Amino acid sequence: MPDAGGRTGLLIEAFLAWMTVQKGASEATRKAYAVDLAQLAEFLRGQEIDLGQPQTVTRRHMQAFLAWLFRKGEAKSSMARKLAAARSFFRFQMRGGKVAENVAAQVRNPRQEKRHPRALNVDETFALLDSATGPGGKRGPVVGSAEEERILCRDLALAELLYGSGLRISEALSLDVDDVQLSSRVLRVMGKGSRERLAPLSDTSFSCLKAWLEERPLLALPDEAALFVGARGARLNRREAARIVERLCRRAGLTFTVSPHSLRHSFATHLLEAGADMRSVQELLGHQRLTTTQRYTQVSLESLMQTYDQAHPRSGKR
């Protein structure tokens, strides 16, 4: 069916104008949605359907559109974005009374492949955590201004808890000073679903945390309860924490950077590779379900196979 009078183009332009004015869409989003909707219109023309008459488009057409994209080799993330553009477009048409239902909203997003964060190997982890080693191999902040040493002391303590105790970044940033029990070498952690657990402190985590607690009063606001605080003395946020780990990666001379969650991921992976019991790792990570912990076994197996391929004389890949 031909696009009489350029109906499709007019409807798309009206929608994009509404997205810009009413939704504050960026120019990049506007351009991406324009391309996505033009591609949808192209597909529908092949089905003898005119997007300029949106009431003629059905859920089956949208399902067929996703199947067409899949056969073309589109990434699932790209397919999901195109579906999001179509949903917004039909939502706009509903507001204008041109359609009675949002057919794009009746179609599920393509299932995304779950990507694990990069797990550091043991050497990389130690390089990152030792990046603040002082003169003569002494553990602790390197020589610098008093403020620089204080910040570095905090950074190292945070990284040690993420790897040494396997904390989620949200858990580490939620810690208050009162949650630290140095005498028994444990942390009181509030995990997902408001479930409390005790997380052990390694020797190095204990030392770094003790050093930070001595420096913290010089940086924290008087009434601030948070264990980790930023330069202004208030509770550290996730963006600042991400920058801390990136900074430690650079100090360690790593050719890549990782996220705070990669340190927790490395904690679990290294325990499993060393033969730790799955149930124990589950408790340490604060997972409610064992199946969540079992995801790490696949990563450990991949690492094991990579080592085998590189080292075994009969692997066929040497």
# chains A, B, ... in the order shown; residues from 1 in each chain; ligands from 1
>>> residues_around(residues="range 252-265 of chain A", least_positions_apart="5", cutoff="7 Å", atoms="only C-alpha atoms", output="PyMOL selection string")
chain A and resi 117-119+127-128+131+162-163+166-169+242+245-246
>>> residues_around(residues="range 67-75 of chain A", least_positions_apart="4", cutoff="12 Å", atoms="only C-alpha atoms", output="PyMOL selection string")
chain A and resi 36+39-40+42-44+46-47+60-63+79-83+107+109-113
>>> write_last_selection(atoms="C-alpha atoms", output="PDB file, in the first residue's frame")
ATOM      1  CA  ASP A  36      14.323   3.244  13.758  1.00  0.00           C
ATOM      2  CA  GLN A  39      13.171   1.138   9.198  1.00  0.00           C
ATOM      3  CA  LEU A  40       9.853  -0.001  10.669  1.00  0.00           C
ATOM      4  CA  GLU A  42      10.224   0.180   5.293  1.00  0.00           C
ATOM      5  CA  PHE A  43       9.455  -3.262   6.684  1.00  0.00           C
ATOM      6  CA  LEU A  44       5.710  -2.584   6.849  1.00  0.00           C
ATOM      7  CA  GLY A  46       6.962  -4.858   2.313  1.00  0.00           C
ATOM      8  CA  GLN A  47       3.924  -6.240   4.147  1.00  0.00           C
ATOM      9  CA  ARG A  60       1.787  -9.759  14.610  1.00  0.00           C
ATOM     10  CA  HIS A  61       3.326  -7.124  12.363  1.00  0.00           C
ATOM     11  CA  MET A  62       5.544  -5.986  15.251  1.00  0.00           C
ATOM     12  CA  GLN A  63       6.560  -9.571  16.011  1.00  0.00           C
ATOM     13  CA  MET A  79      16.311  -4.584  18.459  1.00  0.00           C
ATOM     14  CA  ALA A  80      15.192  -3.530  21.944  1.00  0.00           C
ATOM     15  CA  ARG A  81      15.864   0.135  21.133  1.00  0.00           C
ATOM     16  CA  LYS A  82      13.865  -0.056  17.903  1.00  0.00           C
ATOM     17  CA  LEU A  83      10.988  -1.639  19.799  1.00  0.00           C
ATOM     18  CA  VAL A 107       5.544  -7.491  22.212  1.00  0.00           C
ATOM     19  CA  ASN A 109      11.763  -7.239  24.425  1.00  0.00           C
ATOM     20  CA  PRO A 110      14.270  -9.668  22.923  1.00  0.00           C
ATOM     21  CA  ARG A 111      16.002 -11.534  25.710  1.00  0.00           C
ATOM     22  CA  GLN A 112      19.364  -9.944  26.378  1.00  0.00           C
ATOM     23  CA  GLU A 113      22.486 -12.001  26.917  1.00  0.00           C
TER      24      GLU A 113
END
>>> closest_atom_pairs(of="range 110-209 of chain A", to="range 284-289 of chain A", cutoff="10 Å", atoms="only C-alpha atoms", output="Markdown table")
| residue | atom | partner | partner_atom | distance |
| --- | --- | --- | --- | --- |
| A:Ser165 | CA | A:Leu284 | CA | 7.6 |
| A:Gly166 | CA | A:Leu285 | CA | 6.1 |
| A:Leu167 | CA | A:Leu285 | CA | 7.0 |
| A:Arg168 | CA | A:Leu285 | CA | 8.2 |
| A:Val189 | CA | A:Gly286 | CA | 9.2 |
| A:Met190 | CA | A:Gly286 | CA | 9.3 |
| A:Gly191 | CA | A:Gly286 | CA | 6.7 |
| A:Lys192 | CA | A:Gly286 | CA | 8.0 |
| A:Gly193 | CA | A:Gln288 | CA | 9.3 |
| A:Arg195 | CA | A:Gly286 | CA | 8.2 |
| A:Glu196 | CA | A:Gly286 | CA | 8.6 |
| A:Arg197 | CA | A:Gly286 | CA | 7.1 |
| A:Leu198 | CA | A:Leu284 | CA | 8.3 |
| A:Ala199 | CA | A:Leu284 | CA | 6.6 |
| A:Pro200 | CA | A:Leu284 | CA | 8.3 |
>>> closest_residue(among="A:Glu101, A:Leu236, A:Ala157, A:Val281", to="Glu224 in chain A", atoms="only C-alpha atoms")
A:Leu236
>>> closest_residue(among="A:Asp155, A:Glu273, A:Glu13, A:Glu215", to="Glu240 in chain A", atoms="only C-alpha atoms")
A:Asp155
>>> select_by_dssp(residues="range 127-229 of chain A", states="strand (DSSP E)", output="list in words")
Val180, Gln181, Val186, Leu187, Arg188, Val189, Met190, Glu196, Arg197, Leu198, Ala199 and Pro200 of chain A
>>> write_last_selection(atoms="C-alpha atoms", output="mmCIF file, in the first residue's frame")
data_model
loop_
_atom_site.group_PDB
_atom_site.id
_atom_site.type_symbol
_atom_site.label_atom_id
_atom_site.label_comp_id
_atom_site.auth_asym_id
_atom_site.auth_seq_id
_atom_site.Cartn_x
_atom_site.Cartn_y
_atom_site.Cartn_z
ATOM 1 C CA VAL A 180 32.442 -1.864 61.658
ATOM 2 C CA GLN A 181 33.350 -4.320 64.414
ATOM 3 C CA VAL A 186 33.498 -8.391 60.876
ATOM 4 C CA LEU A 187 31.197 -5.905 59.172
ATOM 5 C CA ARG A 188 27.460 -5.708 59.717
ATOM 6 C CA VAL A 189 26.133 -5.497 56.159
ATOM 7 C CA MET A 190 22.603 -4.693 55.041
ATOM 8 C CA GLU A 196 21.502 -8.408 57.296
ATOM 9 C CA ARG A 197 24.658 -10.515 57.324
ATOM 10 C CA LEU A 198 28.110 -10.440 58.872
ATOM 11 C CA ALA A 199 31.013 -10.140 56.427
ATOM 12 C CA PRO A 200 34.518 -11.134 57.568
#
>>> closest_residue(among="A:Ala17, A:Leu175, A:Ala84, A:Ala276", to="Leu66 in chain A", atoms="only C-alpha atoms")
A:Ala84
>>> residues_around(residues="Leu173 in chain A", least_positions_apart="4", cutoff="8 Å", atoms="only C-alpha atoms", output="number ranges by chain")
A: 169, 226-228, 235-238
>>> closest_residue(among="A:Ser184, A:Ser170, A:Gln22, A:Asn121", to="Ala268 in chain A", atoms="only C-alpha atoms")
A:Asn121
>>> select_by_dssp(residues="range 33-278 of chain A", states="helix (DSSP H, G or I)", output="ChimeraX atom specification")
/A:33-46,54-56,59-71,76-95,103-106,122-129,135-137,146-164,169-174,177-179,192-194,203-218,238-251,260-273,278
>>> closest_residue(among="A:Ser205, A:Ser78, A:Thr58, A:Ser145", to="Ala105 in chain A", atoms="only C-alpha atoms")
A:Thr58
